[in-house]
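Novice: Got a structure for you, written out below as structure tokens; questions coming shortly.
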Amino acid sequence: MTTPYTITRVGDAYLVSTEHVNWVLVEDGHDLTLIDGGYPGNAEDVERSVREIGHQMRDIRGILLTHAHIDHLGGAAKIAEAYAVDVLTGETEVAHARRDYLQQLGPAKLPMMIWRHGAVGWLLDIMRLGGTDDVAIPGALEYPAAEVDLPGAPVAVPTPGHTDGHTAYHLPGSGVLVSGDALITGHAVSRRHGPQLIVRPFSHDRTETRHSLDAIAEVQASTLFPGHGPAWTGDMAAAAAEAHAGEGFWRP
Ligand SMILES: [Zn+2]
């Protein structure tokens with residue numbers, strides 16, 4: 001199964017964008033950091049994207065997760081196992097990645113997305129990509145506490161709300177903020193474009209999610225690489241403000 005993607009390069013960072021989810025590659029000479037890895041069914045697409053930017057899988061020094069939802073962790077888990085690479089995430093998210101608990105919309109709640117957002121096509125797509133698979137990363141490590149130097153020297157930006165331990169990563173050398181699902185720019189179940197919060201049922205704590213926009217606003221970056229939607233250029237305070245302004249557009 002092959003999923004089409006586009007690649008956007010800014011400095012040493014590459015946003016790989018599919019219709020349903022993104023991942024990021026960060027280059028430092030021969031070495032790479034992979035940030036998120038798509039759905040389980042995207043693992044081969046991640047490999048293809050690594051080769052397309054002129055690298056091999058053995059160049060990956062570590063995998064960072066913004067959060068442990070299946071659309072970001074699934075492909076990462078497969079790659080970590082196949083290539084014996086460490087997976088790291090923010091302090092609070094480690095237990096989630098290990099599946100000590102699960103903060104994700106279960107299959108029982110998914111039909112709600114269909115009638116509320118007209119998302120039948122989305123649901124069929126994500127099931128095909130392994131979106132309801134049960135995947136854990138028992139050996140997940142804490143970043144940056146684990147003594148692992150990652151290419152691009154990502155700086156963890158705690159951004160709780162979407163999940164309790166959601167973590168964005170600032171890539172200072174490239175002027176990029178990898179925002180995961182703390183701030184996105186589009187989604188199959190959203191009709192909006194540009195910086196926005198992900199639709200309400202997907203986030204664990206909506207109030208915390210809004211507070212985390214303040215942390216994002218302070219990051220000195222000029223490009224946003226989100227977990228869903230295209231790259232966005234501008235300062236992070238403007239991106240956060242646009243997401244704040246869009247709140248109230250959609251009510252439960
Ligand atoms: Zn996501």
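Here's how to read the names in the structure tokens: chain A, B, ... by the order shown, residue numbers from 1 in each chain, ligand numbers from 1 in the order shown.
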Ligand 1: which residues are within 6 Å, counting only C-alpha atoms and all ligand atoms? Reply as a PyMOL selection string.
Specialist: chain A and resi 71+181+227
Novice: Write the residues you've just listed into a file as a compact mmCIF listing (two decimals), in the first residue's frame, and include N, CA, C and O atoms for each of them.
Specialist:
# COMPACT_ATOMS: atom_id res chain seq x y z
N ASP A 71 -1.91 7.70 14.79
CA ASP A 71 -1.54 8.28 13.49
C ASP A 71 -0.14 8.91 13.52
O ASP A 71 0.36 9.34 12.47
N ASP A 181 -0.03 17.91 16.96
CA ASP A 181 -1.46 18.22 16.92
C ASP A 181 -1.83 19.32 17.92
O ASP A 181 -3.02 19.56 18.16
N GLY A 227 1.17 18.58 12.50
CA GLY A 227 0.90 17.15 12.39
C GLY A 227 -0.09 16.82 11.28
O GLY A 227 -0.09 15.72 10.75
Novice: Would you list, as number ranges by chain, the residues of stretch 28-119 of chain A that end up in alpha helix (DSSP H) under DSSP run on this structure's backbone?
Specialist: A: 43-52, 70-83, 94-97, 110-117
Novice: Counting only C-alpha atoms, which residue out of A:Gly54, A:Trp23, A:Leu129, A:Ala84 sits closest to A:Thr2?
Specialist: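 Between A:Gly54, A:Trp23, A:Leu129, A:Ala84, the residue approaching A:Thr2 most closely is A:Leu129.
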Novice: Taking the DSSP secondary structure from the backbone, can you list the residues of stretch 37-251 of chain A that are strand (DSSP E), as an MDAnalysis selection string?
Specialist: chainID A and resid 60:65 87:89 141:142 155:158 167:171 176:180 223:226 232:233
Novice: Take the residues just selected and output them with C-alpha atoms as a CSV table (one decimal), in the first residue's frame.
Specialist:
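Writing the result to selection-v1.csv gives the following:
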chain,number,residue,atom,x,y,z
A,60,ILE,CA,18.1,7.6,11.6
A,61,ARG,CA,19.6,8.3,15.0
A,62,GLY,CA,16.4,8.4,16.9
A,63,ILE,CA,12.6,8.9,16.5
A,64,LEU,CA,10.8,11.6,18.4
A,65,LEU,CA,7.1,11.5,19.0
A,87,VAL,CA,11.8,6.2,20.3
A,88,LEU,CA,11.7,9.3,22.6
A,89,THR,CA,9.0,11.6,23.6
A,141,LEU,CA,12.3,6.9,26.4
A,142,GLU,CA,12.0,10.4,27.8
A,155,VAL,CA,14.2,21.6,21.7
A,156,ALA,CA,11.2,20.1,23.5
A,157,VAL,CA,8.2,22.5,24.0
A,158,PRO,CA,5.7,21.0,26.3
A,167,THR,CA,5.3,17.9,23.1
A,168,ALA,CA,6.2,20.2,20.2
A,169,TYR,CA,9.8,20.4,18.9
A,170,HIS,CA,11.7,23.6,18.0
A,171,LEU,CA,14.4,23.2,15.4
A,176,VAL,CA,11.0,25.5,12.3
A,177,LEU,CA,8.5,24.5,15.0
A,178,VAL,CA,7.2,20.9,14.7
A,179,SER,CA,3.8,21.4,16.4
A,180,GLY,CA,2.2,18.0,16.1
A,223,THR,CA,7.8,28.1,9.8
A,224,LEU,CA,5.2,25.8,11.3
A,225,PHE,CA,5.4,22.1,10.4
A,226,PRO,CA,2.1,20.7,11.8
A,232,TRP,CA,2.7,27.5,7.2
A,233,THR,CA,5.0,30.6,7.1
Novice: Write out as a compact mmCIF listing (two decimals) with N, CA and C atoms, in the first residue's frame the residues lying within 9 Å of A:Val199, counting only C-alpha atoms and excluding same-chain residues fewer than 3 positions away.
Specialist:
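Printed below is around19.txt as written:
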# COMPACT_ATOMS: atom_id res chain seq x y z
N HIS A 187 -7.31 19.52 8.18
CA HIS A 187 -7.61 18.13 8.55
C HIS A 187 -8.81 17.69 7.71
N VAL A 189 -11.38 16.23 8.49
CA VAL A 189 -12.70 16.47 9.10
C VAL A 189 -12.92 17.93 9.45
N SER A 190 -12.01 18.83 8.99
CA SER A 190 -12.19 20.27 9.19
C SER A 190 -12.39 20.94 7.84
N GLN A 196 -5.04 26.30 13.25
CA GLN A 196 -6.29 26.00 13.96
C GLN A 196 -6.03 24.89 14.96
N PHE A 202 -11.11 15.08 19.22
CA PHE A 202 -9.78 14.45 19.14
C PHE A 202 -8.86 14.85 20.29
N SER A 203 -9.21 15.92 21.02
CA SER A 203 -8.31 16.40 22.06
C SER A 203 -8.79 15.99 23.44
N TRP A 250 -16.63 26.02 15.94
CA TRP A 250 -17.21 24.71 16.02
C TRP A 250 -17.54 24.40 17.48
Novice: Would you mind telling me which residue in A:Glu27, A:Glu147, A:Glu218, A:Asp125 lies nearest to A:Gln56 when using only C-alpha atoms?
Specialist: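 Using only C-alpha atoms, the shortest distance to A:Gln56 belongs to A:Glu27.
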Novice: List the neighbours of A:Glu242 out to 10 Å using only C-alpha atoms; skip same-chain residues closer than 4 positions along the sequence, and give me the result as an MDAnalysis selection string.
Specialist: chainID A and resid 194:197 236:238 246:247
Novice: Take the residues that were just selected and, keeping C-alpha atoms, output them as a PDB file, in the first residue's frame.
Specialist:
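Resulting contents of result-v9.pdb:
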ATOM      1  CA  GLY A 194      -4.625  27.772   8.182  1.00  0.00           C
ATOM      2  CA  PRO A 195      -3.532  27.554  11.832  1.00  0.00           C
ATOM      3  CA  GLN A 196      -6.293  26.003  13.961  1.00  0.00           C
ATOM      4  CA  LEU A 197      -6.912  23.630  16.828  1.00  0.00           C
ATOM      5  CA  MET A 236       4.316  31.714  15.860  1.00  0.00           C
ATOM      6  CA  ALA A 237       2.438  34.417  17.764  1.00  0.00           C
ATOM      7  CA  ALA A 238       0.393  35.086  14.597  1.00  0.00           C
ATOM      8  CA  GLY A 246     -10.996  30.304  15.100  1.00  0.00           C
ATOM      9  CA  GLU A 247     -12.231  28.899  18.423  1.00  0.00           C
TER      10      GLU A 247
END
Novice: Restricting the calculation to only C-alpha atoms: of A:Glu81, A:Gly152, A:Ala221, A:Tyr5, which residue gets closest to A:Gly29?
Specialist: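 Under the stated criterion, the closest residue is A:Gly152.
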Novice: Please determine, counting only C-alpha atoms, which residue among A:Val21, A:His72, A:Leu105, A:Asp86 has the shortest atom-to-atom distance to A:Asp149.
Specialist: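 Using only C-alpha atoms, the shortest distance to A:Asp149 belongs to A:Asp86.
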Novice: Let me make sure I understand: among A:Leu25, A:Arg9, A:Val120, A:Ala217, which one has the smallest atom-to-atom distance to A:Gly234 if we use only C-alpha atoms?
Specialist: A:Ala217
Novice: Taking only C-alpha atoms into account, which of A:Ala43, A:Arg191, A:Arg200, A:Val10 comes nearest A:Ala119?
Specialist: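 Using only C-alpha atoms, A:Ala119 sits closest to A:Arg191.
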Novice: Please provide the set of residues having any atom within 7 Å of A:His96, restricted to only C-alpha atoms, with same-chain residues fewer than 5 positions apart removed, written as an MDAnalysis selection string.
Specialist: chainID A and resid 68 101:102
Novice: Could the residues in this selection be written to a file with N, CA, C and O atoms, as an mmCIF file, in the first residue's frame?
Specialist:
data_model
loop_
_atom_site.group_PDB
_atom_site.id
_atom_site.type_symbol
_atom_site.label_atom_id
_atom_site.label_comp_id
_atom_site.auth_asym_id
_atom_site.auth_seq_id
_atom_site.Cartn_x
_atom_site.Cartn_y
_atom_site.Cartn_z
ATOM 1 N N ALA A 68 1.407 10.206 21.438
ATOM 2 C CA ALA A 68 1.345 8.758 21.211
ATOM 3 C C ALA A 68 0.053 8.290 20.556
ATOM 4 O O ALA A 68 -0.329 7.133 20.705
ATOM 5 N N TYR A 101 -1.696 3.755 29.598
ATOM 6 C CA TYR A 101 -3.077 4.234 29.480
ATOM 7 C C TYR A 101 -3.267 4.694 28.036
ATOM 8 O O TYR A 101 -2.290 4.811 27.284
ATOM 9 N N LEU A 102 -4.528 4.946 27.647
ATOM 10 C CA LEU A 102 -4.789 5.394 26.277
ATOM 11 C C LEU A 102 -5.736 6.588 26.283
ATOM 12 O O LEU A 102 -6.828 6.521 26.831
#
Novice: Near A:Gly11, counting only C-alpha atoms, which residues have an atom at most 8 Å away, once you skip same-chain residues fewer than 5 positions from it, shown as a list of chain:residue names?
Specialist: A:Gly173, A:Ser174, A:Gly175
Novice: Do a neighbour search on A:Thr163 at 8 Å with only C-alpha atoms, toss out local chain neighbours closer than 5 positions, and write the hits as an NGL selection string.
Specialist: :A and (67 or 93 or 103 or 203-205)
Novice: Take the residues that were just selected and, keeping all heavy atoms, output them as a CSV table (one decimal), in the first residue's frame.
Specialist:
chain,number,residue,atom,x,y,z
A,67,HIS,N,3.3,13.0,20.2
A,67,HIS,CA,2.4,12.4,21.1
A,67,HIS,C,2.1,11.0,20.6
A,67,HIS,O,2.5,10.6,19.5
A,67,HIS,CB,1.1,13.2,21.2
A,67,HIS,CG,0.3,13.3,19.9
A,67,HIS,ND1,0.8,14.0,18.8
A,67,HIS,CD2,-1.0,12.9,19.6
A,67,HIS,CE1,-0.2,13.9,17.9
A,67,HIS,NE2,-1.2,13.3,18.3
A,93,GLU,N,4.5,12.0,28.2
A,93,GLU,CA,4.0,11.2,27.2
A,93,GLU,C,4.6,9.8,27.1
A,93,GLU,O,4.0,8.9,26.4
A,93,GLU,CB,4.2,11.9,25.8
A,93,GLU,CG,3.3,11.4,24.7
A,93,GLU,CD,1.8,11.7,24.9
A,93,GLU,OE1,1.4,12.3,25.9
A,93,GLU,OE2,1.0,11.3,24.0
A,103,GLN,N,-5.3,7.7,25.7
A,103,GLN,CA,-6.1,8.9,25.6
A,103,GLN,C,-6.5,9.1,24.1
A,103,GLN,O,-6.0,10.1,23.5
A,103,GLN,CB,-5.3,10.1,26.1
A,103,GLN,CG,-5.1,10.2,27.6
A,103,GLN,CD,-4.4,11.4,28.0
A,103,GLN,OE1,-3.7,12.0,27.3
A,103,GLN,NE2,-4.5,11.7,29.3
A,203,SER,N,-9.2,15.9,21.0
A,203,SER,CA,-8.3,16.4,22.1
A,203,SER,C,-8.8,16.0,23.4
A,203,SER,O,-10.0,16.0,23.7
A,203,SER,CB,-8.2,17.9,22.0
A,203,SER,OG,-7.3,18.3,20.9
A,204,HIS,N,-7.8,15.6,24.3
A,204,HIS,CA,-8.1,15.1,25.6
A,204,HIS,C,-8.7,16.3,26.5
A,204,HIS,O,-9.6,16.1,27.2
A,204,HIS,CB,-6.9,14.5,26.2
A,204,HIS,CG,-7.2,13.8,27.5
A,204,HIS,ND1,-8.0,12.7,27.7
A,204,HIS,CD2,-6.8,14.2,28.8
A,204,HIS,CE1,-8.1,12.4,28.9
A,204,HIS,NE2,-7.3,13.2,29.6
A,205,ASP,N,-8.0,17.4,26.5
A,205,ASP,CA,-8.3,18.5,27.4
A,205,ASP,C,-8.3,19.8,26.6
A,205,ASP,O,-7.2,20.4,26.3
A,205,ASP,CB,-7.4,18.6,28.6
A,205,ASP,CG,-7.7,19.6,29.6
A,205,ASP,OD1,-8.3,20.7,29.2
A,205,ASP,OD2,-7.5,19.4,30.8
